[in-house]
Amino acid sequence: MASIPDRPEYKGELFEQGLKVRREVLGADYVDQSLASADDFFAAFQKATTEQAWGMIWTRPGLPRKTRSMLNIAMLSALGKGHELKLHVRAALGNGVTREEIKEILLQVCGYCGIPAGFEAFRIAREVFAEIDKGAAKT
């Protein structure tokens, strides 16, 4: 696990709350590596995403994590944000979203955002599934 630098950006109650949820959803190794690899310029972004998305939004009681993950898959697919979509497909599986539910979400994307957006999202989800299945076969 990467050691998180002692930066002023990585201090505060909201950051700590967001960091806890971010680690639970995305995995501590991934999150800690992201924080550790941030330079002086990028640390501000790490603070913003940890506090805003994870501390202010993901900690709210109004929606369960599974629903938030489903929404993220749909929004990231619609926006064509493949790198983030890959991360959030994996996280969604950890939050209880099934492959069948992901398929249905992506079909919804096809209908409302267009076939190219849906195709790219399906391609990325299949890639994540293959990586997971390959890792499961090793164990």
# chains A, B, ... in the order shown; residues from 1 in each chain; ligands from 1
>>> select_by_dssp(residues="chain A", states="alpha helix (DSSP H)", output="PDB file with N, CA and C atoms, in the first residue's frame")
ATOM      1  N   GLU A  13     -11.886  17.182   8.376  1.00  0.00           N
ATOM      2  CA  GLU A  13     -12.940  16.209   8.638  1.00  0.00           C
ATOM      3  C   GLU A  13     -13.632  15.745   7.359  1.00  0.00           C
ATOM      4  N   LEU A  14     -13.961  16.680   6.460  1.00  0.00           N
ATOM      5  CA  LEU A  14     -14.636  16.312   5.219  1.00  0.00           C
ATOM      6  C   LEU A  14     -13.737  15.437   4.352  1.00  0.00           C
ATOM      7  N   PHE A  15     -12.452  15.757   4.308  1.00  0.00           N
ATOM      8  CA  PHE A  15     -11.508  14.932   3.554  1.00  0.00           C
ATOM      9  C   PHE A  15     -11.470  13.525   4.141  1.00  0.00           C
ATOM     10  N   GLU A  16     -11.399  13.423   5.465  1.00  0.00           N
ATOM     11  CA  GLU A  16     -11.333  12.106   6.121  1.00  0.00           C
ATOM     12  C   GLU A  16     -12.600  11.293   5.859  1.00  0.00           C
ATOM     13  N   GLN A  17     -13.757  11.933   5.915  1.00  0.00           N
ATOM     14  CA  GLN A  17     -15.017  11.237   5.634  1.00  0.00           C
ATOM     15  C   GLN A  17     -15.037  10.739   4.193  1.00  0.00           C
ATOM     16  N   GLY A  18     -14.650  11.606   3.271  1.00  0.00           N
ATOM     17  CA  GLY A  18     -14.617  11.225   1.865  1.00  0.00           C
ATOM     18  C   GLY A  18     -13.591  10.141   1.590  1.00  0.00           C
ATOM     19  N   LEU A  19     -12.447  10.234   2.236  1.00  0.00           N
ATOM     20  CA  LEU A  19     -11.390   9.247   2.038  1.00  0.00           C
ATOM     21  C   LEU A  19     -11.856   7.861   2.479  1.00  0.00           C
ATOM     22  N   LYS A  20     -12.579   7.803   3.574  1.00  0.00           N
ATOM     23  CA  LYS A  20     -13.077   6.522   4.075  1.00  0.00           C
ATOM     24  C   LYS A  20     -13.993   5.861   3.040  1.00  0.00           C
ATOM     25  N   VAL A  21     -14.948   6.601   2.520  1.00  0.00           N
ATOM     26  CA  VAL A  21     -15.886   6.054   1.542  1.00  0.00           C
ATOM     27  C   VAL A  21     -15.159   5.751   0.232  1.00  0.00           C
ATOM     28  N   ARG A  22     -14.308   6.642  -0.207  1.00  0.00           N
ATOM     29  CA  ARG A  22     -13.573   6.444  -1.462  1.00  0.00           C
ATOM     30  C   ARG A  22     -12.757   5.156  -1.408  1.00  0.00           C
ATOM     31  N   ARG A  23     -12.095   4.917  -0.293  1.00  0.00           N
ATOM     32  CA  ARG A  23     -11.325   3.667  -0.133  1.00  0.00           C
ATOM     33  C   ARG A  23     -12.240   2.452  -0.142  1.00  0.00           C
ATOM     34  N   GLU A  24     -13.376   2.541   0.530  1.00  0.00           N
ATOM     35  CA  GLU A  24     -14.308   1.410   0.584  1.00  0.00           C
ATOM     36  C   GLU A  24     -14.860   1.068  -0.794  1.00  0.00           C
ATOM     37  N   VAL A  25     -15.154   2.079  -1.595  1.00  0.00           N
ATOM     38  CA  VAL A  25     -15.783   1.856  -2.894  1.00  0.00           C
ATOM     39  C   VAL A  25     -14.758   1.505  -3.969  1.00  0.00           C
ATOM     40  N   LEU A  26     -13.660   2.245  -4.027  1.00  0.00           N
ATOM     41  CA  LEU A  26     -12.687   2.062  -5.108  1.00  0.00           C
ATOM     42  C   LEU A  26     -11.519   1.149  -4.737  1.00  0.00           C
ATOM     43  N   ALA A  28      -8.643   0.616  -1.259  1.00  0.00           N
ATOM     44  CA  ALA A  28      -7.634   1.427  -0.573  1.00  0.00           C
ATOM     45  C   ALA A  28      -6.347   1.543  -1.377  1.00  0.00           C
ATOM     46  N   ASP A  29      -5.906   0.454  -1.996  1.00  0.00           N
ATOM     47  CA  ASP A  29      -4.657   0.503  -2.763  1.00  0.00           C
ATOM     48  C   ASP A  29      -4.743   1.522  -3.893  1.00  0.00           C
ATOM     49  N   TYR A  30      -5.845   1.491  -4.648  1.00  0.00           N
ATOM     50  CA  TYR A  30      -6.021   2.428  -5.759  1.00  0.00           C
ATOM     51  C   TYR A  30      -6.035   3.877  -5.257  1.00  0.00           C
ATOM     52  N   VAL A  31      -6.831   4.126  -4.237  1.00  0.00           N
ATOM     53  CA  VAL A  31      -6.988   5.492  -3.720  1.00  0.00           C
ATOM     54  C   VAL A  31      -5.677   5.996  -3.127  1.00  0.00           C
ATOM     55  N   ASP A  32      -5.032   5.184  -2.311  1.00  0.00           N
ATOM     56  CA  ASP A  32      -3.792   5.612  -1.673  1.00  0.00           C
ATOM     57  C   ASP A  32      -2.701   5.872  -2.708  1.00  0.00           C
ATOM     58  N   GLN A  33      -2.647   5.061  -3.763  1.00  0.00           N
ATOM     59  CA  GLN A  33      -1.674   5.292  -4.837  1.00  0.00           C
ATOM     60  C   GLN A  33      -1.983   6.608  -5.553  1.00  0.00           C
ATOM     61  N   SER A  34      -3.262   6.884  -5.776  1.00  0.00           N
ATOM     62  CA  SER A  34      -3.650   8.148  -6.422  1.00  0.00           C
ATOM     63  C   SER A  34      -3.210   9.350  -5.591  1.00  0.00           C
ATOM     64  N   LEU A  35      -3.418   9.267  -4.286  1.00  0.00           N
ATOM     65  CA  LEU A  35      -3.030  10.371  -3.404  1.00  0.00           C
ATOM     66  C   LEU A  35      -1.515  10.495  -3.316  1.00  0.00           C
ATOM     67  N   ALA A  36      -0.826   9.371  -3.217  1.00  0.00           N
ATOM     68  CA  ALA A  36       0.635   9.386  -3.077  1.00  0.00           C
ATOM     69  C   ALA A  36       1.326   9.897  -4.339  1.00  0.00           C
ATOM     70  N   SER A  37       0.739   9.625  -5.494  1.00  0.00           N
ATOM     71  CA  SER A  37       1.391  10.025  -6.744  1.00  0.00           C
ATOM     72  C   SER A  37       1.082  11.463  -7.158  1.00  0.00           C
ATOM     73  N   ALA A  43      -2.459  17.711  -6.241  1.00  0.00           N
ATOM     74  CA  ALA A  43      -2.994  17.460  -4.902  1.00  0.00           C
ATOM     75  C   ALA A  43      -4.289  18.239  -4.665  1.00  0.00           C
ATOM     76  N   ALA A  44      -4.410  19.410  -5.270  1.00  0.00           N
ATOM     77  CA  ALA A  44      -5.639  20.195  -5.129  1.00  0.00           C
ATOM     78  C   ALA A  44      -6.831  19.454  -5.733  1.00  0.00           C
ATOM     79  N   PHE A  45      -6.608  18.784  -6.857  1.00  0.00           N
ATOM     80  CA  PHE A  45      -7.679  17.984  -7.460  1.00  0.00           C
ATOM     81  C   PHE A  45      -8.044  16.812  -6.556  1.00  0.00           C
ATOM     82  N   GLN A  46      -7.047  16.142  -6.002  1.00  0.00           N
ATOM     83  CA  GLN A  46      -7.315  15.019  -5.112  1.00  0.00           C
ATOM     84  C   GLN A  46      -8.163  15.464  -3.915  1.00  0.00           C
ATOM     85  N   LYS A  47      -7.848  16.632  -3.392  1.00  0.00           N
ATOM     86  CA  LYS A  47      -8.645  17.187  -2.284  1.00  0.00           C
ATOM     87  C   LYS A  47     -10.079  17.443  -2.743  1.00  0.00           C
ATOM     88  N   ALA A  48     -10.218  18.070  -3.900  1.00  0.00           N
ATOM     89  CA  ALA A  48     -11.549  18.418  -4.399  1.00  0.00           C
ATOM     90  C   ALA A  48     -12.406  17.180  -4.626  1.00  0.00           C
ATOM     91  N   ARG A  65     -25.343   2.865  -1.820  1.00  0.00           N
ATOM     92  CA  ARG A  65     -24.167   2.842  -2.704  1.00  0.00           C
ATOM     93  C   ARG A  65     -24.452   2.128  -4.020  1.00  0.00           C
ATOM     94  N   LYS A  66     -25.237   1.090  -3.982  1.00  0.00           N
ATOM     95  CA  LYS A  66     -25.561   0.368  -5.216  1.00  0.00           C
ATOM     96  C   LYS A  66     -26.224   1.315  -6.217  1.00  0.00           C
ATOM     97  N   THR A  67     -27.179   2.101  -5.761  1.00  0.00           N
ATOM     98  CA  THR A  67     -27.873   3.043  -6.645  1.00  0.00           C
ATOM     99  C   THR A  67     -26.913   4.107  -7.145  1.00  0.00           C
ATOM    100  N   ARG A  68     -26.060   4.627  -6.284  1.00  0.00           N
ATOM    101  CA  ARG A  68     -25.072   5.625  -6.710  1.00  0.00           C
ATOM    102  C   ARG A  68     -24.159   5.040  -7.783  1.00  0.00           C
ATOM    103  N   SER A  69     -23.758   3.790  -7.605  1.00  0.00           N
ATOM    104  CA  SER A  69     -22.911   3.141  -8.611  1.00  0.00           C
ATOM    105  C   SER A  69     -23.637   3.007  -9.942  1.00  0.00           C
ATOM    106  N   MET A  70     -24.902   2.638  -9.889  1.00  0.00           N
ATOM    107  CA  MET A  70     -25.683   2.498 -11.119  1.00  0.00           C
ATOM    108  C   MET A  70     -25.795   3.848 -11.846  1.00  0.00           C
ATOM    109  N   LEU A  71     -26.023   4.893 -11.083  1.00  0.00           N
ATOM    110  CA  LEU A  71     -26.091   6.230 -11.682  1.00  0.00           C
ATOM    111  C   LEU A  71     -24.755   6.622 -12.303  1.00  0.00           C
ATOM    112  N   ASN A  72     -23.664   6.323 -11.603  1.00  0.00           N
ATOM    113  CA  ASN A  72     -22.341   6.659 -12.141  1.00  0.00           C
ATOM    114  C   ASN A  72     -22.078   5.943 -13.454  1.00  0.00           C
ATOM    115  N   ILE A  73     -22.448   4.671 -13.526  1.00  0.00           N
ATOM    116  CA  ILE A  73     -22.248   3.932 -14.779  1.00  0.00           C
ATOM    117  C   ILE A  73     -23.002   4.612 -15.915  1.00  0.00           C
ATOM    118  N   ALA A  74     -24.244   4.970 -15.674  1.00  0.00           N
ATOM    119  CA  ALA A  74     -25.040   5.624 -16.717  1.00  0.00           C
ATOM    120  C   ALA A  74     -24.450   6.975 -17.108  1.00  0.00           C
ATOM    121  N   MET A  75     -24.102   7.795 -16.123  1.00  0.00           N
ATOM    122  CA  MET A  75     -23.587   9.138 -16.425  1.00  0.00           C
ATOM    123  C   MET A  75     -22.232   9.088 -17.117  1.00  0.00           C
ATOM    124  N   LEU A  76     -21.330   8.251 -16.627  1.00  0.00           N
ATOM    125  CA  LEU A  76     -20.009   8.163 -17.240  1.00  0.00           C
ATOM    126  C   LEU A  76     -20.092   7.602 -18.654  1.00  0.00           C
ATOM    127  N   SER A  77     -21.020   6.671 -18.873  1.00  0.00           N
ATOM    128  CA  SER A  77     -21.237   6.144 -20.227  1.00  0.00           C
ATOM    129  C   SER A  77     -21.743   7.247 -21.144  1.00  0.00           C
ATOM    130  N   ALA A  78     -22.716   8.007 -20.667  1.00  0.00           N
ATOM    131  CA  ALA A  78     -23.291   9.089 -21.469  1.00  0.00           C
ATOM    132  C   ALA A  78     -22.256  10.153 -21.801  1.00  0.00           C
ATOM    133  N   LEU A  79     -21.370  10.402 -20.859  1.00  0.00           N
ATOM    134  CA  LEU A  79     -20.340  11.423 -21.064  1.00  0.00           C
ATOM    135  C   LEU A  79     -19.138  10.910 -21.857  1.00  0.00           C
ATOM    136  N   GLY A  82     -14.455   6.939 -20.482  1.00  0.00           N
ATOM    137  CA  GLY A  82     -14.089   5.535 -20.391  1.00  0.00           C
ATOM    138  C   GLY A  82     -13.186   5.165 -19.237  1.00  0.00           C
ATOM    139  N   HIS A  83     -12.186   5.987 -18.957  1.00  0.00           N
ATOM    140  CA  HIS A  83     -11.260   5.658 -17.870  1.00  0.00           C
ATOM    141  C   HIS A  83     -11.997   5.582 -16.541  1.00  0.00           C
ATOM    142  N   GLU A  84     -12.833   6.568 -16.282  1.00  0.00           N
ATOM    143  CA  GLU A  84     -13.616   6.576 -15.045  1.00  0.00           C
ATOM    144  C   GLU A  84     -14.685   5.493 -15.065  1.00  0.00           C
ATOM    145  N   LEU A  85     -15.268   5.228 -16.228  1.00  0.00           N
ATOM    146  CA  LEU A  85     -16.280   4.180 -16.333  1.00  0.00           C
ATOM    147  C   LEU A  85     -15.680   2.835 -15.937  1.00  0.00           C
ATOM    148  N   LYS A  86     -14.491   2.555 -16.407  1.00  0.00           N
ATOM    149  CA  LYS A  86     -13.840   1.282 -16.067  1.00  0.00           C
ATOM    150  C   LYS A  86     -13.692   1.151 -14.551  1.00  0.00           C
ATOM    151  N   LEU A  87     -13.245   2.191 -13.923  1.00  0.00           N
ATOM    152  CA  LEU A  87     -13.078   2.199 -12.468  1.00  0.00           C
ATOM    153  C   LEU A  87     -14.418   1.980 -11.767  1.00  0.00           C
ATOM    154  N   HIS A  88     -15.462   2.628 -12.254  1.00  0.00           N
ATOM    155  CA  HIS A  88     -16.754   2.564 -11.581  1.00  0.00           C
ATOM    156  C   HIS A  88     -17.545   1.296 -11.908  1.00  0.00           C
ATOM    157  N   VAL A  89     -17.275   0.648 -13.026  1.00  0.00           N
ATOM    158  CA  VAL A  89     -17.887  -0.667 -13.269  1.00  0.00           C
ATOM    159  C   VAL A  89     -17.358  -1.652 -12.233  1.00  0.00           C
ATOM    160  N   ARG A  90     -16.062  -1.632 -12.028  1.00  0.00           N
ATOM    161  CA  ARG A  90     -15.456  -2.513 -11.027  1.00  0.00           C
ATOM    162  C   ARG A  90     -16.012  -2.193  -9.628  1.00  0.00           C
ATOM    163  N   ALA A  91     -16.097  -0.912  -9.302  1.00  0.00           N
ATOM    164  CA  ALA A  91     -16.627  -0.505  -7.997  1.00  0.00           C
ATOM    165  C   ALA A  91     -18.091  -0.911  -7.839  1.00  0.00           C
ATOM    166  N   ALA A  92     -18.863  -0.797  -8.915  1.00  0.00           N
ATOM    167  CA  ALA A  92     -20.280  -1.146  -8.862  1.00  0.00           C
ATOM    168  C   ALA A  92     -20.473  -2.620  -8.515  1.00  0.00           C
ATOM    169  N   LEU A  93     -19.651  -3.463  -9.074  1.00  0.00           N
ATOM    170  CA  LEU A  93     -19.741  -4.891  -8.750  1.00  0.00           C
ATOM    171  C   LEU A  93     -19.513  -5.101  -7.257  1.00  0.00           C
ATOM    172  N   GLY A  94     -18.571  -4.361  -6.697  1.00  0.00           N
ATOM    173  CA  GLY A  94     -18.315  -4.432  -5.260  1.00  0.00           C
ATOM    174  C   GLY A  94     -19.447  -3.862  -4.425  1.00  0.00           C
ATOM    175  N   ARG A  99     -23.828  -8.080 -13.048  1.00  0.00           N
ATOM    176  CA  ARG A  99     -23.495  -7.935 -14.467  1.00  0.00           C
ATOM    177  C   ARG A  99     -24.769  -7.762 -15.295  1.00  0.00           C
ATOM    178  N   GLU A 100     -25.819  -8.454 -14.912  1.00  0.00           N
ATOM    179  CA  GLU A 100     -27.093  -8.324 -15.616  1.00  0.00           C
ATOM    180  C   GLU A 100     -27.647  -6.897 -15.475  1.00  0.00           C
ATOM    181  N   GLU A 101     -27.537  -6.330 -14.289  1.00  0.00           N
ATOM    182  CA  GLU A 101     -27.989  -4.942 -14.087  1.00  0.00           C
ATOM    183  C   GLU A 101     -27.121  -3.973 -14.885  1.00  0.00           C
ATOM    184  N   ILE A 102     -25.833  -4.214 -14.938  1.00  0.00           N
ATOM    185  CA  ILE A 102     -24.947  -3.358 -15.739  1.00  0.00           C
ATOM    186  C   ILE A 102     -25.344  -3.439 -17.205  1.00  0.00           C
ATOM    187  N   LYS A 103     -25.653  -4.631 -17.682  1.00  0.00           N
ATOM    188  CA  LYS A 103     -26.106  -4.774 -19.071  1.00  0.00           C
ATOM    189  C   LYS A 103     -27.352  -3.935 -19.316  1.00  0.00           C
ATOM    190  N   GLU A 104     -28.313  -3.991 -18.398  1.00  0.00           N
ATOM    191  CA  GLU A 104     -29.550  -3.224 -18.570  1.00  0.00           C
ATOM    192  C   GLU A 104     -29.293  -1.717 -18.537  1.00  0.00           C
ATOM    193  N   ILE A 105     -28.401  -1.282 -17.669  1.00  0.00           N
ATOM    194  CA  ILE A 105     -28.030   0.136 -17.622  1.00  0.00           C
ATOM    195  C   ILE A 105     -27.449   0.554 -18.968  1.00  0.00           C
ATOM    196  N   LEU A 106     -26.565  -0.263 -19.509  1.00  0.00           N
ATOM    197  CA  LEU A 106     -25.900   0.083 -20.769  1.00  0.00           C
ATOM    198  C   LEU A 106     -26.867   0.032 -21.952  1.00  0.00           C
ATOM    199  N   LEU A 107     -27.862  -0.836 -21.898  1.00  0.00           N
ATOM    200  CA  LEU A 107     -28.895  -0.813 -22.935  1.00  0.00           C
ATOM    201  C   LEU A 107     -29.692   0.486 -22.857  1.00  0.00           C
ATOM    202  N   GLN A 108     -29.945   0.948 -21.643  1.00  0.00           N
ATOM    203  CA  GLN A 108     -30.627   2.240 -21.449  1.00  0.00           C
ATOM    204  C   GLN A 108     -29.778   3.363 -22.052  1.00  0.00           C
ATOM    205  N   VAL A 109     -28.472   3.285 -21.856  1.00  0.00           N
ATOM    206  CA  VAL A 109     -27.557   4.272 -22.450  1.00  0.00           C
ATOM    207  C   VAL A 109     -27.687   4.248 -23.970  1.00  0.00           C
ATOM    208  N   CYS A 110     -27.728   3.044 -24.547  1.00  0.00           N
ATOM    209  CA  CYS A 110     -27.878   2.940 -26.008  1.00  0.00           C
ATOM    210  C   CYS A 110     -29.136   3.670 -26.482  1.00  0.00           C
ATOM    211  N   GLY A 111     -30.224   3.479 -25.766  1.00  0.00           N
ATOM    212  CA  GLY A 111     -31.495   4.071 -26.172  1.00  0.00           C
ATOM    213  C   GLY A 111     -31.549   5.576 -26.030  1.00  0.00           C
ATOM    214  N   TYR A 112     -30.910   6.111 -25.002  1.00  0.00           N
ATOM    215  CA  TYR A 112     -31.033   7.537 -24.725  1.00  0.00           C
ATOM    216  C   TYR A 112     -29.811   8.360 -25.111  1.00  0.00           C
ATOM    217  N   CYS A 113     -28.662   7.717 -25.248  1.00  0.00           N
ATOM    218  CA  CYS A 113     -27.431   8.461 -25.560  1.00  0.00           C
ATOM    219  C   CYS A 113     -26.853   8.074 -26.913  1.00  0.00           C
ATOM    220  N   ILE A 115     -26.125   4.619 -29.875  1.00  0.00           N
ATOM    221  CA  ILE A 115     -25.404   3.355 -29.999  1.00  0.00           C
ATOM    222  C   ILE A 115     -23.900   3.526 -29.797  1.00  0.00           C
ATOM    223  N   PRO A 116     -23.254   4.559 -30.335  1.00  0.00           N
ATOM    224  CA  PRO A 116     -21.802   4.677 -30.108  1.00  0.00           C
ATOM    225  C   PRO A 116     -21.435   4.788 -28.622  1.00  0.00           C
ATOM    226  N   ALA A 117     -22.196   5.548 -27.861  1.00  0.00           N
ATOM    227  CA  ALA A 117     -21.920   5.664 -26.424  1.00  0.00           C
ATOM    228  C   ALA A 117     -22.152   4.324 -25.732  1.00  0.00           C
ATOM    229  N   GLY A 118     -23.235   3.662 -26.087  1.00  0.00           N
ATOM    230  CA  GLY A 118     -23.527   2.365 -25.499  1.00  0.00           C
ATOM    231  C   GLY A 118     -22.501   1.317 -25.887  1.00  0.00           C
ATOM    232  N   PHE A 119     -22.084   1.317 -27.150  1.00  0.00           N
ATOM    233  CA  PHE A 119     -21.082   0.354 -27.611  1.00  0.00           C
ATOM    234  C   PHE A 119     -19.786   0.504 -26.825  1.00  0.00           C
ATOM    235  N   GLU A 120     -19.333   1.723 -26.673  1.00  0.00           N
ATOM    236  CA  GLU A 120     -18.082   1.963 -25.933  1.00  0.00           C
ATOM    237  C   GLU A 120     -18.217   1.521 -24.478  1.00  0.00           C
ATOM    238  N   ALA A 121     -19.352   1.786 -23.879  1.00  0.00           N
ATOM    239  CA  ALA A 121     -19.580   1.377 -22.496  1.00  0.00           C
ATOM    240  C   ALA A 121     -19.631  -0.147 -22.373  1.00  0.00           C
ATOM    241  N   PHE A 122     -20.297  -0.820 -23.300  1.00  0.00           N
ATOM    242  CA  PHE A 122     -20.306  -2.281 -23.300  1.00  0.00           C
ATOM    243  C   PHE A 122     -18.890  -2.833 -23.448  1.00  0.00           C
ATOM    244  N   ARG A 123     -18.115  -2.233 -24.344  1.00  0.00           N
ATOM    245  CA  ARG A 123     -16.741  -2.687 -24.567  1.00  0.00           C
ATOM    246  C   ARG A 123     -15.928  -2.587 -23.274  1.00  0.00           C
ATOM    247  N   ILE A 124     -16.061  -1.469 -22.592  1.00  0.00           N
ATOM    248  CA  ILE A 124     -15.320  -1.252 -21.345  1.00  0.00           C
ATOM    249  C   ILE A 124     -15.785  -2.219 -20.259  1.00  0.00           C
ATOM    250  N   ALA A 125     -17.079  -2.410 -20.126  1.00  0.00           N
ATOM    251  CA  ALA A 125     -17.596  -3.332 -19.111  1.00  0.00           C
ATOM    252  C   ALA A 125     -17.101  -4.756 -19.388  1.00  0.00           C
ATOM    253  N   ARG A 126     -17.111  -5.181 -20.642  1.00  0.00           N
ATOM    254  CA  ARG A 126     -16.607  -6.523 -20.982  1.00  0.00           C
ATOM    255  C   ARG A 126     -15.134  -6.650 -20.618  1.00  0.00           C
ATOM    256  N   GLU A 127     -14.376  -5.588 -20.826  1.00  0.00           N
ATOM    257  CA  GLU A 127     -12.962  -5.589 -20.462  1.00  0.00           C
ATOM    258  C   GLU A 127     -12.785  -5.784 -18.955  1.00  0.00           C
ATOM    259  N   VAL A 128     -13.574  -5.074 -18.172  1.00  0.00           N
ATOM    260  CA  VAL A 128     -13.521  -5.224 -16.711  1.00  0.00           C
ATOM    261  C   VAL A 128     -13.901  -6.642 -16.316  1.00  0.00           C
ATOM    262  N   PHE A 129     -14.978  -7.165 -16.881  1.00  0.00           N
ATOM    263  CA  PHE A 129     -15.408  -8.524 -16.550  1.00  0.00           C
ATOM    264  C   PHE A 129     -14.313  -9.534 -16.880  1.00  0.00           C
ATOM    265  N   ALA A 130     -13.666  -9.373 -18.039  1.00  0.00           N
ATOM    266  CA  ALA A 130     -12.603 -10.297 -18.439  1.00  0.00           C
ATOM    267  C   ALA A 130     -11.429 -10.238 -17.462  1.00  0.00           C
ATOM    268  N   GLU A 131     -11.066  -9.026 -17.029  1.00  0.00           N
ATOM    269  CA  GLU A 131      -9.975  -8.886 -16.056  1.00  0.00           C
ATOM    270  C   GLU A 131     -10.333  -9.580 -14.739  1.00  0.00           C
ATOM    271  N   ILE A 132     -11.565  -9.395 -14.297  1.00  0.00           N
ATOM    272  CA  ILE A 132     -12.011 -10.021 -13.049  1.00  0.00           C
ATOM    273  C   ILE A 132     -12.026 -11.545 -13.199  1.00  0.00           C
ATOM    274  N   ASP A 133     -12.575 -12.018 -14.306  1.00  0.00           N
ATOM    275  CA  ASP A 133     -12.660 -13.455 -14.528  1.00  0.00           C
ATOM    276  C   ASP A 133     -11.274 -14.086 -14.641  1.00  0.00           C
ATOM    277  N   LYS A 134     -10.368 -13.394 -15.276  1.00  0.00           N
ATOM    278  CA  LYS A 134      -8.996 -13.893 -15.409  1.00  0.00           C
ATOM    279  C   LYS A 134      -8.333 -13.984 -14.038  1.00  0.00           C
ATOM    280  N   GLY A 135      -8.544 -12.966 -13.204  1.00  0.00           N
ATOM    281  CA  GLY A 135      -8.004 -12.978 -11.849  1.00  0.00           C
ATOM    282  C   GLY A 135      -8.631 -14.062 -10.997  1.00  0.00           C
ATOM    283  N   ALA A 136      -9.929 -14.297 -11.178  1.00  0.00           N
ATOM    284  CA  ALA A 136     -10.616 -15.338 -10.411  1.00  0.00           C
ATOM    285  C   ALA A 136     -10.136 -16.718 -10.815  1.00  0.00           C
ATOM    286  N   ALA A 137      -9.774 -16.886 -12.095  1.00  0.00           N
ATOM    287  CA  ALA A 137      -9.301 -18.191 -12.577  1.00  0.00           C
ATOM    288  C   ALA A 137      -7.937 -18.541 -12.002  1.00  0.00           C
ATOM    289  N   LYS A 138      -7.145 -17.526 -11.637  1.00  0.00           N
ATOM    290  CA  LYS A 138      -5.813 -17.749 -11.071  1.00  0.00           C
ATOM    291  C   LYS A 138      -5.876 -18.255  -9.651  1.00  0.00           C
TER     292      LYS A 138
END
>>> atom_distance(atom1="CA of Leu63 (chain A)", atom2="CA of Asn95 (chain A)")
12.3 Å
>>> atom_distance(atom1="CA of Tyr10 (chain A)", atom2="CA of Thr50 (chain A)")
9.0 Å
>>> closest_residue(among="A:Glu9, A:Asp40, A:Gly80, A:Ile57", to="Gly114 (chain A)", atoms="only C-alpha atoms")
A:Gly80
>>> atom_distance(atom1="CA of Gly27 (chain A)", atom2="CA of Phe41 (chain A)")
23.7 Å
